[in-house]
There are 2 protein chains.
Amino acid sequence: MKLTLPPRVSPQGFDAALNAFASVVGKGWVLSSDADRDAYADIYAPGSTERWPASAAVAPASVEEIRAIVRLANEHKVPLWPVARGKNLGYGTSAPRMAGSVVLDLGRMNRILELDPKLAYAVVEPGVGFFDLHDEIARQKAPLWMSVPGNGWGSVLGNALEHGIGYTPYGLHARNLCGIEAVLPDGDLLRTGMGAMKDNPAWHLFPMNYGPTWDLAFSQSNLGVVTKAGVWLQPAPETSLELTWDIPEEGDIAWVVDTITPLKIAGLIDQNVFIPSWLGKIVLLGTRKDFWDKPSAMPEWRVQELLKEHKLGYWRVSIRLYGEESVNKAKAEVIKAAFKRHLDAPPFESWWRQGDEKHPMDITLGTPSAVPLQMSDWVGGRGAHMGFSPVVPATSEHVIGQLKRSRKIIAEHDVDFYASFTIGGRFANNVNMLMYDRDNAGQIDNIKKLFNALIDETAKAGYGEYRTHLGWMDRVMDTFDFNDHALRRFDEKIKDALDPNGIIAPGKQGVWPAAYRAQKKEGAE
Amino acid sequence: MKLTLPPRVSPQGFDAALNAFASVVGKGWVLSSDADRDAYADIYAPGSTERWPASAAVAPASVEEIRAIVRLANEHKVPLWPVARGKNLGYGTSAPRMAGSVVLDLGRMNRILELDPKLAYAVVEPGVGFFDLHDEIARQKAPLWMSVPGNGWGSVLGNALEHGIGYTPYGLHARNLCGIEAVLPDGDLLRTGMGAMKDNPAWHLFPMNYGPTWDLAFSQSNLGVVTKAGVWLQPAPETSLELTWDIPEEGDIAWVVDTITPLKIAGLIDQNVFIPSWLGKIVLLGTRKDFWDKPSAMPEWRVQELLKEHKLGYWRVSIRLYGEESVNKAKAEVIKAAFKRHLDAPPFESWWRQGDEKHPMDITLGTPSAVPLQMSDWVGGRGAHMGFSPVVPATSEHVIGQLKRSRKIIAEHDVDFYASFTIGGRFANNVNMLMYDRDNAGQIDNIKKLFNALIDETAKAGYGEYRTHLGWMDRVMDTFDFNDHALRRFDEKIKDALDPNGIIAPGKQGVWPAAYRAQKKEGAE
């Protein structure tokens with residue numbers, strides 16, 4: 001990819017900045033060739049990867065190097081786009097929101113600084129991946145389990161900061177962050193929570209500050225570069241029991257949600273319960289052409305045939321319990337009785353006990369996996385996906401409403417329907433997976449229109465997305481319209497106070513510093 | 001109390017401000033007589049109530065009135081000190097940190113705006129007390145339980161914002177806040193989380209923003225006036241079982257903590273477990289003179305006599321389980337087996353089942369109570385208390401270390417020892433209750449010295465307080481010393497950006513706006 005300079009930076013100024021960065025990290029860690037820029041492009045981009053071009057990347061190895069780079073970026077007015085491991089697939093991977101930003105690649109900061117088997121937490125740098133932490137836990141034989149997302153290649157910390165979710169009792173990853181360290185836009189260094197006191201051993205244990213609490217002000221944020229954080233882990237349970245039901249009809253999701261939510265809120269179910277529609281199972285069995293050979297969306301009669309043929313329900317629900325065998329048994333009876341009121345078929349039951357092997361693909365056991373990414377192969381070609389991800393109250397009324405709305409819009413755009421609802425407590429994360437062949441211009445164009453329609457119609461109905469792709473960050477921020485966009489006003493006021501030169505991640509999540517507010521339209525779909 | 005004007009405000013300027021406030025709320029709701037000022041003094045003040053004098057109070061009835069007052073306060077440069085119900089006993093009640101501040105009394109804003117029996121949450125204004133919400137739940141027969149602190153007179157919202165704790169599964173009150181509305185220092189109005197979108201029904205359900213999350217930036221904070229918030233409530237359980245042990249020796253707290261913490265982290269115990277020392281029971285049986293008639297601290301031999309006489313352990317532990325009877329039974333067996341390893345005596349067991357009356361004094365059942373305040377009568381005279389409240393990791397090593405340290409310092413100051421540890425997860429809140437007769441100058445002087453010593457020595461050992469009284473807010477903020485007080489620098493940078501005139505709660509938690517930074521030394525002990 002050819003060089004796109006940052007706004008208002010001359011070629012000479014840019015070279016001077018890169019040289020300055022090289023004086024900190026060494027020449028080898030400033031990456032600015034065409035091939036380097038390709039490596040930081042959005043490999044799932046809907047359309048050209050040049051839509052969100054990085055100008056270069058710089059890869060520091062320490063907090064002090066990051067502080068030095070941030071200070072130099074201010075001096076040279078060169079914007080930085082921090083990425084942890086750059087695996088934010090479906091949301092932009094490692095590409096920057098603003099053209100010409102320099103990717104601040106934190107992948108070399110990959111130390112696991114603490115792993116406490118008793119108080120069940122780790123302290124990690126941004127470059128630590130789920131597989132890394134998993135391996136280290138195994139190496140130390142620590143009695144700890146992780147919560148992992150669909151893509152195990154990603155960064156533990158990056159995923160939590162982006163509000164990623166998993167399917168265990170620790171599934172709302174951002175809520176497990178406790179005590180962060182961040183380089184501020186002026187190069188200052190902050191530790192939140194009890195870490196604001198030197199060497200306080202409760203840093204990663206007590207989740208609040210003395211005074212205002214800041215941990216999550218640094219999530220989905222451009223207010224600083226998070227350089228380490230505490231992550232709470234699940235103590236390895238004595239046993240685990242999984243109850244699995246195939247749920248026959250689309251409309252059954254109503255009673256499923258109204259059955260699970262009260263048990264989840266009451267704490268009888270600890271886990272984030274994932275409820276994927278049938279395509280979630282089919283994508284693992286083959287690609288689209290094996291099941292339907294026309295370009296138009298798979299029709300309902302064919303779906304019904306496939307469900308019958310593969311003995312699948314429209315939805316599959318697996319509820320996993322963790323803990324003492326006697327407690328899990330008692331809980332299972334309560335859950336089974338609740339399901340029995342609506343469905344005669346008993347669940348498939350599967351016990352795990354200490355000493356048993358874990359199924360390597362089961363992310364509800366905290367094993368990282370990249371298998372769910374297989375869905376990107378569904379459409380054929382250079383496949384990719386984007387997720388449309390609104391949050392709705394976890395009741396049948398809201399879930400059915402959202403299901404009907406997105407299903408209708410997706411059908412109108414003649415795209416295969418693949419949705420999941422994850423019950424995280426009082427709310428459900430709805431993810432609508434939109435899969436496309438990156439080399440099919442018509443498909444790409446259609447997907448973009450579909451994405452716009454989903455955002456707009458869902459907002460009209462009163463719901464918002466919790467996360468989105470680079471190209472739609474402003475459009476989603478626009479939907480947060482209370483009091484004439486008070487949230488954006490507030491975000492940008494704080495942004496300007498902390499980052500007067502606007503050098504950290506301009507445009508992230510639709511928050512623009514004054515210095516680059518004019519760039520807002522570029523790169524927006 | 002005579003009038004103390006705010007800094008740099010003339011008597012004429014002050015009158016003009018009060019008249020302007022009266023034009024918003026009506027004359028009757030601007031309170032500025034000597035008697036009015038007394039009513040907003042710290043009734044638990046260690047020493048003179050004039051140490052933290054309010055100049056007046058203004059009591060708005062709506063969000064729009066608050067916005068108007070905040071705008072006028074900017075115009076007239078008159079600082080406001082927001083209080084919810086002003087019952088922050090032990091930490092300053094309704095008195096302001098900075099002399100001459102006008103108390104913004106939110107007590108009239110006392111509506112319960114929503115009470116959702118299914119998704120288990122309420123939306124409350126700051127004036128709603130624990131008793132109010134309890135009554136409304138009962139009136140609606142909603143299947144919901146509350147989490148309440150030791151003083152049920154206080155505000156549900158105020159308590160959560162001040163990081164108050166309770167003794168139920170919802171005991172870390174700030175973590176149950178979800179979706180707040182705040183009037184910003186310039187009069188703008190912000191809604192956090194999904195509430196940043198007009199009428200989004202997930203406002204009080206999903207605990208994160210699109211972009212940076214701000215809810216807890218408004219706790220222990222002077223960045224805005226919180227005007228409403230969602231508060232998650234516990235679904236009424238089918239049954240509840242309480243297991244109570246008297247724990248004989250002081251040193252036994254080591255195994256008690258190491259037994260409870262893993263069960264709490266694993267989720268087998270949901271509740272915040274409160275472990276008070278013996279004086280917690282004795283204060284309910286009489287006052288100090290009934291047990292020990294000398295001014296010096298009660299000696300160890302007398303303590304031992306009393307424990308024997310009243311058949312008390314040095315500590316008492318009650319663990320309460322909530323939920324289905326079968327699940328509670330299974331959990332109880334696990335807990336009893338864990339305790340049995342250290343203590344032969346079986347627990348006292350007490351079941352509650354739906355339909356049973358709740359013990360009106362049992363705050364672990366979510367019933368608000370003011371009985372724990374009785375401890376203030378212990379010393380005689382106009383009794384009061386302050387709490388020294390550090391947070392420590394929930395392991396025997398740290399708990400014993402803190403116990404020994406504070407016990408030694410308190411003994412050196414010849415004061416009765418009354419401590420509790422509340423295990424909230426990976427951490428424990430240690431509260432050391434210091435009781436005093438407000439009219440005994442020698443006692444007050446001693447308590448202040450003791451408080452200073454506790455803060456300084458505890459910080460030297462590496463631990464911080466999670467909350468403190470007005471007079472010590474700066475001293476505690478001083479202990480958060482990482483990177484030359486980076487936290488305060490960050491807090492004050494944001495404060496100055498949002499509140500250039502410094503009119504919201506200057507000095508709160510040691511965060512001073514530029515306009516009043518010179519006032520820092522006044523009112524500090």
# chains A, B, ... in the order shown; residues from 1 in each chain; ligands from 1
call {"tool": "select_by_dssp", "arguments": {"residues": "stretch 16-56 of chain A", "states": "alpha helix (DSSP H)", "output": "list in words"}}
result
Ala16, Ala17, Leu18, Asn19, Ala20, Phe21, Ala22, Ser23, Val24, Val25, Asp34, Ala35, Asp36, Arg37, Asp38 and Ala39 of chain A
call {"tool": "interface_residues", "arguments": {"of": "chain B", "to": "chain A", "cutoff": "6 Å", "atoms": "only C-alpha atoms", "output": "PyMOL selection string"}}
result
chain B and resi 119+190+196-198+200+202+205-206+210-213+216-217+219-221+235+266+326-327+330+392-393+426-427+462-463+466+480-482+486-487+497+509
call {"tool": "residues_around", "arguments": {"residues": "A:Gly127", "least_positions_apart": "5", "cutoff": "8 Å", "atoms": "only C-alpha atoms", "output": "list of chain:residue names"}}
result
A:Ala84, A:Arg85, A:Leu106, A:Gly107, A:Arg108, A:Met109, A:Asn110, A:Arg111, A:Ser155, A:Leu157
call {"tool": "atom_distance", "arguments": {"atom1": "atom CA of B:Thr93", "atom2": "atom CA of B:Arg37"}}
result
13.0 Å
call {"tool": "closest_residue", "arguments": {"among": "B:Val124, B:Leu285, B:Leu312, B:Ala61", "to": "B:Thr244", "atoms": "only C-alpha atoms"}}
result
B:Leu312
call {"tool": "select_by_dssp", "arguments": {"residues": "stretch 71-305 of chain B", "states": "strand (DSSP E)", "output": "number ranges by chain"}}
result
B: 80-83, 102-105, 112-116, 121-124, 144-145, 177-183, 189-191, 225-232, 234-235, 239-247, 273-276
call {"tool": "residues_around", "arguments": {"residues": "B:Asp15", "least_positions_apart": "5", "cutoff": "12 Å", "atoms": "only C-alpha atoms", "output": "list in words"}}
result
Leu3, Leu5, Pro6, Val9, Ser10, Ala20, Phe21, Ala22, Val30, Leu31, Ser32, Ser55, Ala56, His76 and Val78 of chain B
call {"tool": "closest_residue", "arguments": {"among": "A:Leu133, A:Leu18, A:Ala419, A:Val58", "to": "A:Leu279", "atoms": "only C-alpha atoms"}}
result
A:Ala419
call {"tool": "residues_around", "arguments": {"residues": "A:His134", "least_positions_apart": "6", "cutoff": "8 Å", "atoms": "only C-alpha atoms", "output": "number ranges by chain"}}
result
A: 146, 367-368
call {"tool": "residues_around", "arguments": {"residues": "B:Tyr436", "least_positions_apart": "2", "cutoff": "10 Å", "atoms": "only C-alpha atoms", "output": "PyMOL selection string"}}
result
chain B and resi 44-47+376-386+415+433-434+438-441+443-444+446-447
call {"tool": "write_last_selection", "arguments": {"atoms": "N, CA, C and O atoms", "output": "mmCIF file, in the first residue's frame"}}
result
data_model
loop_
_atom_site.group_PDB
_atom_site.id
_atom_site.type_symbol
_atom_site.label_atom_id
_atom_site.label_comp_id
_atom_site.auth_asym_id
_atom_site.auth_seq_id
_atom_site.Cartn_x
_atom_site.Cartn_y
_atom_site.Cartn_z
ATOM 1 N N TYR B 44 -21.600 14.609 63.383
ATOM 2 C CA TYR B 44 -20.622 13.670 63.955
ATOM 3 C C TYR B 44 -19.226 14.294 63.955
ATOM 4 O O TYR B 44 -18.230 13.597 64.138
ATOM 5 N N ALA B 45 -19.156 15.598 63.726
ATOM 6 C CA ALA B 45 -17.842 16.227 63.561
ATOM 7 C C ALA B 45 -16.926 15.944 64.748
ATOM 8 O O ALA B 45 -17.344 16.052 65.888
ATOM 9 N N PRO B 46 -15.715 15.548 64.471
ATOM 10 C CA PRO B 46 -14.742 15.434 65.561
ATOM 11 C C PRO B 46 -14.282 16.852 65.916
ATOM 12 O O PRO B 46 -13.368 17.374 65.306
ATOM 13 N N GLY B 47 -14.962 17.462 66.866
ATOM 14 C CA GLY B 47 -14.659 18.849 67.225
ATOM 15 C C GLY B 47 -15.768 19.766 66.752
ATOM 16 O O GLY B 47 -16.911 19.330 66.566
ATOM 17 N N SER B 376 -22.706 4.582 68.317
ATOM 18 C CA SER B 376 -22.303 5.942 68.659
ATOM 19 C C SER B 376 -22.592 6.279 70.117
ATOM 20 O O SER B 376 -22.031 7.217 70.669
ATOM 21 N N ASP B 377 -23.494 5.536 70.741
ATOM 22 C CA ASP B 377 -23.795 5.784 72.155
ATOM 23 C C ASP B 377 -22.761 5.150 73.091
ATOM 24 O O ASP B 377 -22.773 5.397 74.287
ATOM 25 N N TRP B 378 -21.918 4.325 72.567
ATOM 26 C CA TRP B 378 -20.976 3.547 73.379
ATOM 27 C C TRP B 378 -20.204 4.397 74.378
ATOM 28 O O TRP B 378 -20.182 4.108 75.564
ATOM 29 N N VAL B 379 -19.589 5.478 73.900
ATOM 30 C CA VAL B 379 -18.701 6.245 74.770
ATOM 31 C C VAL B 379 -19.437 7.171 75.723
ATOM 32 O O VAL B 379 -18.837 7.703 76.649
ATOM 33 N N GLY B 380 -20.742 7.399 75.502
ATOM 34 C CA GLY B 380 -21.475 8.344 76.334
ATOM 35 C C GLY B 380 -21.360 9.745 75.787
ATOM 36 O O GLY B 380 -20.589 10.009 74.863
ATOM 37 N N GLY B 381 -22.150 10.672 76.355
ATOM 38 C CA GLY B 381 -22.160 12.056 75.877
ATOM 39 C C GLY B 381 -22.788 12.128 74.501
ATOM 40 O O GLY B 381 -23.540 11.234 74.103
ATOM 41 N N ARG B 382 -22.461 13.201 73.760
ATOM 42 C CA ARG B 382 -22.952 13.280 72.386
ATOM 43 C C ARG B 382 -22.034 12.428 71.525
ATOM 44 O O ARG B 382 -21.050 12.909 70.981
ATOM 45 N N GLY B 383 -22.377 11.178 71.472
ATOM 46 C CA GLY B 383 -21.489 10.216 70.831
ATOM 47 C C GLY B 383 -21.491 10.345 69.320
ATOM 48 O O GLY B 383 -22.448 10.819 68.724
ATOM 49 N N ALA B 384 -20.400 9.919 68.740
ATOM 50 C CA ALA B 384 -20.283 9.925 67.283
ATOM 51 C C ALA B 384 -19.192 8.939 66.896
ATOM 52 O O ALA B 384 -18.524 8.361 67.771
ATOM 53 N N HIS B 385 -19.027 8.725 65.621
ATOM 54 C CA HIS B 385 -17.951 7.838 65.188
ATOM 55 C C HIS B 385 -17.352 8.309 63.867
ATOM 56 O O HIS B 385 -17.990 9.029 63.106
ATOM 57 N N MET B 386 -16.134 7.898 63.658
ATOM 58 C CA MET B 386 -15.505 7.997 62.348
ATOM 59 C C MET B 386 -15.003 6.605 62.010
ATOM 60 O O MET B 386 -14.693 5.819 62.905
ATOM 61 N N VAL B 415 -7.456 3.752 72.889
ATOM 62 C CA VAL B 415 -8.844 3.804 72.416
ATOM 63 C C VAL B 415 -9.351 2.361 72.263
ATOM 64 O O VAL B 415 -8.571 1.462 71.938
ATOM 65 N N MET B 433 -13.780 1.306 63.635
ATOM 66 C CA MET B 433 -14.711 2.302 64.139
ATOM 67 C C MET B 433 -14.082 3.016 65.324
ATOM 68 O O MET B 433 -13.676 2.372 66.303
ATOM 69 N N LEU B 434 -14.014 4.324 65.237
ATOM 70 C CA LEU B 434 -13.456 5.134 66.310
ATOM 71 C C LEU B 434 -14.599 5.962 66.871
ATOM 72 O O LEU B 434 -15.193 6.777 66.174
ATOM 73 N N ARG B 438 -18.348 13.916 71.476
ATOM 74 C CA ARG B 438 -18.045 15.153 70.755
ATOM 75 C C ARG B 438 -17.757 16.337 71.674
ATOM 76 O O ARG B 438 -17.210 17.348 71.221
ATOM 77 N N ASP B 439 -18.159 16.238 72.945
ATOM 78 C CA ASP B 439 -17.926 17.357 73.865
ATOM 79 C C ASP B 439 -16.687 17.166 74.724
ATOM 80 O O ASP B 439 -16.436 17.955 75.633
ATOM 81 N N ASN B 440 -15.953 16.119 74.460
ATOM 82 C CA ASN B 440 -14.749 15.853 75.243
ATOM 83 C C ASN B 440 -13.526 16.233 74.396
ATOM 84 O O ASN B 440 -13.091 15.491 73.516
ATOM 85 N N ALA B 441 -13.005 17.442 74.675
ATOM 86 C CA ALA B 441 -11.947 18.010 73.827
ATOM 87 C C ALA B 441 -10.703 17.127 73.796
ATOM 88 O O ALA B 441 -10.083 16.954 72.743
ATOM 89 N N GLN B 443 -10.529 13.893 74.192
ATOM 90 C CA GLN B 443 -10.826 12.703 73.396
ATOM 91 C C GLN B 443 -10.773 13.026 71.895
ATOM 92 O O GLN B 443 -10.202 12.262 71.098
ATOM 93 N N ILE B 444 -11.356 14.160 71.550
ATOM 94 C CA ILE B 444 -11.376 14.581 70.135
ATOM 95 C C ILE B 444 -9.948 14.771 69.617
ATOM 96 O O ILE B 444 -9.592 14.303 68.527
ATOM 97 N N ASN B 446 -7.262 13.471 70.719
ATOM 98 C CA ASN B 446 -6.617 12.162 70.635
ATOM 99 C C ASN B 446 -7.063 11.395 69.385
ATOM 100 O O ASN B 446 -6.252 10.769 68.692
ATOM 101 N N ILE B 447 -8.362 11.454 69.110
ATOM 102 C CA ILE B 447 -8.912 10.734 67.945
ATOM 103 C C ILE B 447 -8.323 11.277 66.652
ATOM 104 O O ILE B 447 -7.994 10.529 65.724
#
